[in-house]
file target15.pdb (PDB, C-alpha atoms, pLDDT in the B column)
MODEL        1
ATOM      1  CA  MET A1325       0.000   0.000   0.000  1.00 76.00           C
ATOM      2  CA  LEU A1326       1.394   3.375  -0.990  1.00 81.00           C
ATOM      3  CA  ASN A1327       1.547   6.267   1.408  1.00 83.00           C
ATOM      4  CA  VAL A1328       0.193   9.706   0.497  1.00 87.00           C
ATOM      5  CA  GLU A1329       3.594  11.018  -0.639  1.00 88.00           C
ATOM      6  CA  GLN A1330       4.120   8.038  -2.941  1.00 88.00           C
ATOM      7  CA  ARG A1331       0.647   8.480  -4.459  1.00 86.00           C
ATOM      8  CA  ARG A1332       1.343  12.162  -5.041  1.00 89.00           C
ATOM      9  CA  ALA A1333       4.668  11.327  -6.677  1.00 88.00           C
ATOM     10  CA  LEU A1334       2.962   8.912  -9.073  1.00 90.00           C
ATOM     11  CA  LEU A1335       0.177  11.307  -9.967  1.00 89.00           C
ATOM     12  CA  ALA A1336       2.494  14.319 -10.374  1.00 92.00           C
ATOM     13  CA  HIS A1337       4.384  12.927 -13.383  1.00 95.00           C
ATOM     14  CA  PRO A1338       3.145  11.596 -16.762  1.00 95.00           C
ATOM     15  CA  ALA A1339       5.216   8.432 -16.301  1.00 96.00           C
ATOM     16  CA  GLY A1340       3.483   7.862 -12.969  1.00 95.00           C
ATOM     17  CA  TRP A1341       0.060   8.197 -14.580  1.00 95.00           C
ATOM     18  CA  ILE A1342       0.965   5.622 -17.200  1.00 97.00           C
ATOM     19  CA  ALA A1343       2.681   3.285 -14.711  1.00 97.00           C
ATOM     20  CA  CYS A1344      -0.310   3.234 -12.363  1.00 96.00           C
ATOM     21  CA  GLY A1345      -2.728   2.606 -15.232  1.00 96.00           C
ATOM     22  CA  PHE A1346      -4.246   6.099 -15.079  1.00 95.00           C
ATOM     23  CA  GLY A1347      -5.034   5.570 -11.409  1.00 94.00           C
ATOM     24  CA  SER A1348      -6.405   2.023 -11.571  1.00 96.00           C
ATOM     25  CA  GLY A1349      -3.342   0.678  -9.757  1.00 94.00           C
ATOM     26  CA  LEU A1350      -4.137   2.855  -6.759  1.00 94.00           C
ATOM     27  CA  SER A1351      -7.011   0.537  -5.851  1.00 94.00           C
ATOM     28  CA  PRO A1352      -6.675  -0.470  -2.189  1.00 91.00           C
ATOM     29  CA  VAL A1353      -7.797  -4.012  -3.065  1.00 93.00           C
ATOM     30  CA  ALA A1354      -6.143  -6.188  -5.744  1.00 95.00           C
ATOM     31  CA  PRO A1355      -4.483  -3.407  -7.751  1.00 95.00           C
ATOM     32  CA  GLY A1356      -3.254  -5.885 -10.394  1.00 95.00           C
ATOM     33  CA  THR A1357      -6.770  -7.115 -11.016  1.00 97.00           C
ATOM     34  CA  ALA A1358      -8.076  -3.532 -11.008  1.00 97.00           C
ATOM     35  CA  GLY A1359      -5.417  -2.624 -13.565  1.00 97.00           C
ATOM     36  CA  SER A1360      -6.339  -5.612 -15.711  1.00 98.00           C
ATOM     37  CA  LEU A1361     -10.007  -4.617 -15.586  1.00 97.00           C
ATOM     38  CA  ALA A1362      -9.111  -1.050 -16.568  1.00 98.00           C
ATOM     39  CA  ALA A1363      -7.047  -2.437 -19.463  1.00 98.00           C
ATOM     40  CA  LEU A1364     -10.237  -3.845 -20.975  1.00 97.00           C
ATOM     41  CA  LEU A1365     -11.555  -0.356 -21.760  1.00 97.00           C
ATOM     42  CA  PRO A1366      -8.883   0.590 -24.320  1.00 97.00           C
ATOM     43  CA  TRP A1367      -8.794  -3.018 -25.557  1.00 97.00           C
ATOM     44  CA  PHE A1368     -12.388  -2.743 -26.786  1.00 94.00           C
ATOM     45  CA  ALA A1369     -11.207  -0.005 -29.167  1.00 94.00           C
ATOM     46  CA  LEU A1370      -7.936  -1.759 -30.010  1.00 95.00           C
ATOM     47  CA  ARG A1371      -9.613  -5.016 -31.005  1.00 92.00           C
ATOM     48  CA  GLU A1372     -11.120  -3.301 -34.042  1.00 91.00           C
ATOM     49  CA  VAL A1373      -7.775  -2.339 -35.611  1.00 93.00           C
ATOM     50  CA  PRO A1374      -5.961  -4.611 -38.091  1.00 94.00           C
ATOM     51  CA  LEU A1375      -3.432  -7.016 -36.586  1.00 94.00           C
ATOM     52  CA  PRO A1376      -0.299  -5.139 -37.797  1.00 96.00           C
ATOM     53  CA  TYR A1377      -1.514  -1.937 -36.102  1.00 97.00           C
ATOM     54  CA  TYR A1378      -2.463  -3.891 -32.985  1.00 97.00           C
ATOM     55  CA  ALA A1379       1.074  -5.329 -32.881  1.00 97.00           C
ATOM     56  CA  ALA A1380       2.524  -1.835 -33.293  1.00 98.00           C
ATOM     57  CA  VAL A1381       0.402  -0.584 -30.396  1.00 98.00           C
ATOM     58  CA  LEU A1382       1.646  -3.488 -28.248  1.00 98.00           C
ATOM     59  CA  VAL A1383       5.269  -2.651 -29.036  1.00 98.00           C
ATOM     60  CA  LEU A1384       4.755   1.053 -28.324  1.00 98.00           C
ATOM     61  CA  ALA A1385       2.830   0.303 -25.126  1.00 98.00           C
ATOM     62  CA  PHE A1386       5.673  -1.981 -24.027  1.00 98.00           C
ATOM     63  CA  VAL A1387       8.327   0.686 -24.747  1.00 98.00           C
ATOM     64  CA  PHE A1388       6.337   3.394 -22.946  1.00 97.00           C
ATOM     65  CA  GLY A1389       5.725   0.903 -20.150  1.00 98.00           C
ATOM     66  CA  VAL A1390       9.418   0.215 -19.670  1.00 98.00           C
ATOM     67  CA  TRP A1391      10.045   3.962 -19.429  1.00 98.00           C
ATOM     68  CA  ALA A1392       7.082   4.636 -17.115  1.00 98.00           C
ATOM     69  CA  CYS A1393       7.625   1.622 -14.873  1.00 97.00           C
ATOM     70  CA  ASP A1394      11.341   2.357 -14.609  1.00 97.00           C
ATOM     71  CA  TRP A1395      10.513   5.894 -13.546  1.00 97.00           C
ATOM     72  CA  ALA A1396       8.019   4.593 -10.948  1.00 96.00           C
ATOM     73  CA  VAL A1397      10.460   2.012  -9.566  1.00 95.00           C
ATOM     74  CA  ARG A1398      13.089   4.726  -9.094  1.00 94.00           C
ATOM     75  CA  ALA A1399      10.633   7.289  -7.698  1.00 93.00           C
ATOM     76  CA  LEU A1400       9.048   4.877  -5.218  1.00 92.00           C
ATOM     77  CA  LYS A1401      12.290   3.002  -4.431  1.00 89.00           C
ATOM     78  CA  VAL A1402      10.426  -0.322  -4.694  1.00 86.00           C
ATOM     79  CA  SER A1403      11.447  -3.038  -7.200  1.00 84.00           C
ATOM     80  CA  ASP A1404       7.904  -3.867  -8.392  1.00 84.00           C
ATOM     81  CA  PRO A1405       5.319  -1.625  -6.718  1.00 88.00           C
ATOM     82  CA  GLY A1406       1.800  -3.056  -6.560  1.00 90.00           C
ATOM     83  CA  ALA A1407       0.358   0.217  -7.836  1.00 94.00           C
ATOM     84  CA  VAL A1408       2.352  -0.098 -11.061  1.00 96.00           C
ATOM     85  CA  VAL A1409      -0.087  -1.864 -13.378  1.00 97.00           C
ATOM     86  CA  TRP A1410       0.824  -0.768 -16.911  1.00 98.00           C
ATOM     87  CA  ASP A1411       2.419  -4.204 -17.224  1.00 97.00           C
ATOM     88  CA  GLU A1412      -1.051  -5.686 -16.665  1.00 98.00           C
ATOM     89  CA  PHE A1413      -2.401  -3.550 -19.500  1.00 98.00           C
ATOM     90  CA  VAL A1414       0.161  -4.873 -21.971  1.00 98.00           C
ATOM     91  CA  GLY A1415       0.011  -8.436 -20.648  1.00 98.00           C
ATOM     92  CA  LEU A1416      -3.779  -8.573 -20.938  1.00 98.00           C
ATOM     93  CA  TRP A1417      -3.708  -7.088 -24.439  1.00 98.00           C
ATOM     94  CA  ILE A1418      -1.280  -9.863 -25.418  1.00 98.00           C
ATOM     95  CA  ALA A1419      -3.520 -12.473 -23.780  1.00 98.00           C
ATOM     96  CA  LEU A1420      -6.542 -11.240 -25.726  1.00 97.00           C
ATOM     97  CA  THR A1421      -4.735 -11.091 -29.082  1.00 96.00           C
ATOM     98  CA  PRO A1422      -6.282 -14.383 -30.312  1.00 95.00           C
ATOM     99  CA  LEU A1423      -9.700 -12.742 -30.074  1.00 93.00           C
ATOM    100  CA  LEU A1424      -8.729 -10.505 -32.996  1.00 91.00           C
ATOM    101  CA  TRP A1425      -9.372 -13.417 -35.357  1.00 85.00           C
ATOM    102  CA  MET A1426     -11.455 -15.720 -33.166  1.00 78.00           C
ATOM    103  CA  PRO A1427     -14.771 -15.312 -31.304  1.00 70.00           C
ATOM    104  CA  LYS A1428     -15.145 -11.998 -29.499  1.00 72.00           C
ATOM    105  CA  GLY A1429     -17.960 -12.807 -27.112  1.00 87.00           C
ATOM    106  CA  ALA A1430     -17.985 -11.879 -23.452  1.00 92.00           C
ATOM    107  CA  LEU A1431     -17.277 -15.480 -22.414  1.00 92.00           C
ATOM    108  CA  TRP A1432     -13.979 -15.491 -24.338  1.00 93.00           C
ATOM    109  CA  ILE A1433     -12.986 -12.074 -23.021  1.00 95.00           C
ATOM    110  CA  CYS A1434     -13.603 -13.315 -19.470  1.00 96.00           C
ATOM    111  CA  ALA A1435     -11.622 -16.499 -20.223  1.00 95.00           C
ATOM    112  CA  GLY A1436      -8.668 -14.460 -21.485  1.00 96.00           C
ATOM    113  CA  PHE A1437      -8.844 -12.185 -18.467  1.00 97.00           C
ATOM    114  CA  ILE A1438      -8.937 -15.126 -16.036  1.00 97.00           C
ATOM    115  CA  LEU A1439      -6.163 -17.019 -17.821  1.00 98.00           C
ATOM    116  CA  PHE A1440      -3.946 -13.941 -17.780  1.00 98.00           C
ATOM    117  CA  ARG A1441      -4.531 -13.356 -14.064  1.00 98.00           C
ATOM    118  CA  ILE A1442      -3.808 -17.040 -13.325  1.00 97.00           C
ATOM    119  CA  PHE A1443      -0.495 -16.991 -15.190  1.00 98.00           C
ATOM    120  CA  ASP A1444       0.415 -13.586 -13.735  1.00 96.00           C
ATOM    121  CA  ILE A1445      -0.230 -14.760 -10.173  1.00 95.00           C
ATOM    122  CA  ALA A1446       1.058 -18.369 -10.465  1.00 96.00           C
ATOM    123  CA  LYS A1447       4.192 -17.236 -12.319  1.00 94.00           C
ATOM    124  CA  PRO A1448       5.276 -20.441 -14.102  1.00 93.00           C
ATOM    125  CA  TRP A1449       8.727 -20.385 -15.678  1.00 95.00           C
ATOM    126  CA  PRO A1450       9.850 -18.050 -17.390  1.00 93.00           C
ATOM    127  CA  VAL A1451       7.388 -15.634 -15.743  1.00 91.00           C
ATOM    128  CA  SER A1452       8.945 -16.365 -12.346  1.00 92.00           C
ATOM    129  CA  TRP A1453      12.473 -16.081 -13.746  1.00 93.00           C
ATOM    130  CA  ALA A1454      11.760 -12.637 -15.230  1.00 91.00           C
ATOM    131  CA  ASP A1455      10.061 -11.559 -12.005  1.00 89.00           C
ATOM    132  CA  ARG A1456      13.105 -12.489  -9.900  1.00 93.00           C
ATOM    133  CA  HIS A1457      16.059 -11.814 -12.185  1.00 94.00           C
ATOM    134  CA  VAL A1458      15.234  -8.882 -14.440  1.00 94.00           C
ATOM    135  CA  GLY A1459      15.083  -5.501 -12.767  1.00 92.00           C
ATOM    136  CA  GLY A1460      13.848  -2.012 -13.449  1.00 94.00           C
ATOM    137  CA  GLY A1461      11.029  -1.104 -15.757  1.00 95.00           C
ATOM    138  CA  PHE A1462      12.018  -3.812 -18.235  1.00 97.00           C
ATOM    139  CA  GLY A1463      11.684  -6.471 -15.533  1.00 95.00           C
ATOM    140  CA  VAL A1464       8.332  -5.113 -14.372  1.00 96.00           C
ATOM    141  CA  MET A1465       7.030  -5.367 -17.942  1.00 97.00           C
ATOM    142  CA  LEU A1466       8.693  -8.629 -18.995  1.00 97.00           C
ATOM    143  CA  ASP A1467       7.056 -11.035 -16.546  1.00 96.00           C
ATOM    144  CA  ASP A1468       3.602  -9.826 -17.598  1.00 97.00           C
ATOM    145  CA  VAL A1469       4.518 -10.187 -21.276  1.00 98.00           C
ATOM    146  CA  PHE A1470       5.381 -13.835 -20.571  1.00 98.00           C
ATOM    147  CA  ALA A1471       2.145 -14.294 -18.596  1.00 98.00           C
ATOM    148  CA  GLY A1472       0.227 -12.732 -21.496  1.00 98.00           C
ATOM    149  CA  LEU A1473       1.926 -15.077 -23.982  1.00 98.00           C
ATOM    150  CA  TYR A1474       1.031 -18.105 -21.852  1.00 98.00           C
ATOM    151  CA  ALA A1475      -2.575 -16.912 -21.620  1.00 98.00           C
ATOM    152  CA  ALA A1476      -2.738 -16.249 -25.380  1.00 98.00           C
ATOM    153  CA  LEU A1477      -1.424 -19.735 -26.109  1.00 97.00           C
ATOM    154  CA  ALA A1478      -3.939 -21.234 -23.684  1.00 97.00           C
ATOM    155  CA  MET A1479      -6.715 -19.222 -25.378  1.00 94.00           C
ATOM    156  CA  ILE A1480      -5.673 -20.538 -28.802  1.00 94.00           C
ATOM    157  CA  LEU A1481      -5.654 -24.120 -27.534  1.00 94.00           C
ATOM    158  CA  VAL A1482      -9.016 -23.781 -25.788  1.00 90.00           C
ATOM    159  CA  LEU A1483     -10.585 -22.085 -28.801  1.00 84.00           C
ATOM    160  CA  ARG A1484      -9.210 -24.733 -31.206  1.00 85.00           C
ATOM    161  CA  PHE A1485     -10.603 -27.589 -29.141  1.00 86.00           C
ATOM    162  CA  TRP A1486     -13.861 -25.814 -28.311  1.00 76.00           C
ATOM    163  CA  GLN A1487     -14.904 -25.201 -31.906  1.00 66.00           C
TER     164      GLN A1487
ENDMDL
END

call {"tool": "encode", "arguments": {"input": "target15.pdb", "output": "structure tokens"}}
result
Amino acid sequence: MLNVEQRRALLAHPAGWIACGFGSGLSPVAPGTAGSLAALLPWFALREVPLPYYAAVLVLAFVFGVWACDWAVRALKVSDPGAVVWDEFVGLWIALTPLLWMPKGALWICAGFILFRIFDIAKPWPVSWADRHVGGGFGVMLDDVFAGLYAALAMILVLRFWQ
């Protein structure tokens, strides 16, 4: 839980706004889940763009995330602050990528969300490796990219067998 000074520091800088998911990471309960839920809002617009543009957005969001999360880690002096949830945004967008060419119903969106949260929390290898061994903003982002890739793969497998 962040103190008042830490919250002010995050909200006083553009990198802090991005890192805390425009405030969603300041949730007093389950900030990672709150950040993932907030990530759904821009995803609904992103899912309508062609795949090459979607991929470009993911790359740009990752690059901005490394910068913003690195700034937040240094400002807060914490290796992976709970309030920093931009990594959840990017990870969830990766997890939901299969829905760009597969069913887009609410059930599949919920499945992608749940799978991402499971892999993000359980941290199977290499998610756990990245979480423990890669520091700074890059490390904050990387473990959620791996969790998103696991969730996307699981979505593809489930969708292939379901249909």

call {"tool": "resolve_selection", "arguments": {"input": "target15.pdb", "expression": "the PyMOL selection byres ((chain A and resi 1358) around 10)", "output": "list in words"}}
result
Gly1345, Gly1347, Ser1348, Gly1349, Leu1350, Ser1351, Pro1352, Val1353, Ala1354, Pro1355, Gly1356, Thr1357, Gly1359, Ser1360, Leu1361, Ala1362, Ala1363, Ala1407, Val1409 and Glu1412 of chain A

call {"tool": "atom_distance", "arguments": {"input": "target15.pdb", "atom1": "atom CA of A:Phe1437", "atom2": "atom CA of A:Leu1416"}}
result
6.7 Å

call {"tool": "resolve_selection", "arguments": {"input": "target15.pdb", "expression": "the PyMOL selection byres ((chain A and resi 1462) around 10)", "output": "MDAnalysis selection string"}}
result
chainID A and resid 1386:1387 1389:1394 1411 1454 1458:1461 1463:1467

call {"tool": "write_last_selection", "arguments": {"input": "target15.pdb", "atoms": "C-alpha atoms", "output": "PDB file, keeping the file's coordinate frame"}}
result
ATOM      1  CA  PHE A1386       5.673  -1.981 -24.027  1.00 98.00           C
ATOM      2  CA  VAL A1387       8.327   0.686 -24.747  1.00 98.00           C
ATOM      3  CA  GLY A1389       5.725   0.903 -20.150  1.00 98.00           C
ATOM      4  CA  VAL A1390       9.418   0.215 -19.670  1.00 98.00           C
ATOM      5  CA  TRP A1391      10.045   3.962 -19.429  1.00 98.00           C
ATOM      6  CA  ALA A1392       7.082   4.636 -17.115  1.00 98.00           C
ATOM      7  CA  CYS A1393       7.625   1.622 -14.873  1.00 97.00           C
ATOM      8  CA  ASP A1394      11.341   2.357 -14.609  1.00 97.00           C
ATOM      9  CA  ASP A1411       2.419  -4.204 -17.224  1.00 97.00           C
ATOM     10  CA  ALA A1454      11.760 -12.637 -15.230  1.00 91.00           C
ATOM     11  CA  VAL A1458      15.234  -8.882 -14.440  1.00 94.00           C
ATOM     12  CA  GLY A1459      15.083  -5.501 -12.767  1.00 92.00           C
ATOM     13  CA  GLY A1460      13.848  -2.012 -13.449  1.00 94.00           C
ATOM     14  CA  GLY A1461      11.029  -1.104 -15.757  1.00 95.00           C
ATOM     15  CA  GLY A1463      11.684  -6.471 -15.533  1.00 95.00           C
ATOM     16  CA  VAL A1464       8.332  -5.113 -14.372  1.00 96.00           C
ATOM     17  CA  MET A1465       7.030  -5.367 -17.942  1.00 97.00           C
ATOM     18  CA  LEU A1466       8.693  -8.629 -18.995  1.00 97.00           C
ATOM     19  CA  ASP A1467       7.056 -11.035 -16.546  1.00 96.00           C
TER      20      ASP A1467
END

call {"tool": "resolve_selection", "arguments": {"input": "target15.pdb", "expression": "the PyMOL selection byres ((chain A and resi 1372-1379) around 12)", "output": "short mmCIF file (atom, residue, chain, number, x, y, z; two decimals) with C-alpha atoms, keeping the file's coordinate frame"}}
result
data_model
loop_
_atom_site.label_atom_id
_atom_site.label_comp_id
_atom_site.auth_asym_id
_atom_site.auth_seq_id
_atom_site.Cartn_x
_atom_site.Cartn_y
_atom_site.Cartn_z
CA PRO A 1366 -8.88 0.59 -24.32
CA TRP A 1367 -8.79 -3.02 -25.56
CA PHE A 1368 -12.39 -2.74 -26.79
CA ALA A 1369 -11.21 0.00 -29.17
CA LEU A 1370 -7.94 -1.76 -30.01
CA ARG A 1371 -9.61 -5.02 -31.00
CA ALA A 1380 2.52 -1.84 -33.29
CA VAL A 1381 0.40 -0.58 -30.40
CA LEU A 1382 1.65 -3.49 -28.25
CA VAL A 1383 5.27 -2.65 -29.04
CA LEU A 1384 4.76 1.05 -28.32
CA ALA A 1385 2.83 0.30 -25.13
CA PHE A 1386 5.67 -1.98 -24.03
CA VAL A 1414 0.16 -4.87 -21.97
CA TRP A 1417 -3.71 -7.09 -24.44
CA ILE A 1418 -1.28 -9.86 -25.42
CA LEU A 1420 -6.54 -11.24 -25.73
CA THR A 1421 -4.74 -11.09 -29.08
CA PRO A 1422 -6.28 -14.38 -30.31
CA LEU A 1423 -9.70 -12.74 -30.07
CA LEU A 1424 -8.73 -10.50 -33.00
CA TRP A 1425 -9.37 -13.42 -35.36
CA LYS A 1428 -15.14 -12.00 -29.50
#

call {"tool": "residues_around", "arguments": {"input": "target15.pdb", "residues": "A:Gly1415", "least_positions_apart": "4", "cutoff": "6 Å", "atoms": "all atoms listed in the file", "output": "list in words"}}
result
Asp1411, Asp1468, Val1469 and Gly1472 of chain A

call {"tool": "atom_distance", "arguments": {"input": "target15.pdb", "atom1": "atom CA of A:Phe1443", "atom2": "atom CA of A:Leu1473"}}
result
9.3 Å

call {"tool": "atom_distance", "arguments": {"input": "target15.pdb", "atom1": "atom CA of A:Trp1341", "atom2": "atom CA of A:Trp1432"}}
result
29.2 Å

call {"tool": "residues_around", "arguments": {"input": "target15.pdb", "residues": "A:Ala1478", "least_positions_apart": "3", "cutoff": "10 Å", "atoms": "all atoms listed in the file", "output": "VMD selection string"}}
result
chain A and resid 1419 1422 1435 to 1436 1439 to 1440 1472 to 1475 1481 to 1484

call {"tool": "residues_around", "arguments": {"input": "target15.pdb", "residues": "stretch 1329-1332 of chain A", "least_positions_apart": "2", "cutoff": "12 Å", "atoms": "only C-alpha atoms", "output": "PyMOL selection string"}}
result
chain A and resi 1325-1327+1334-1338+1340-1341+1343-1344+1346-1352+1396-1402+1405-1408
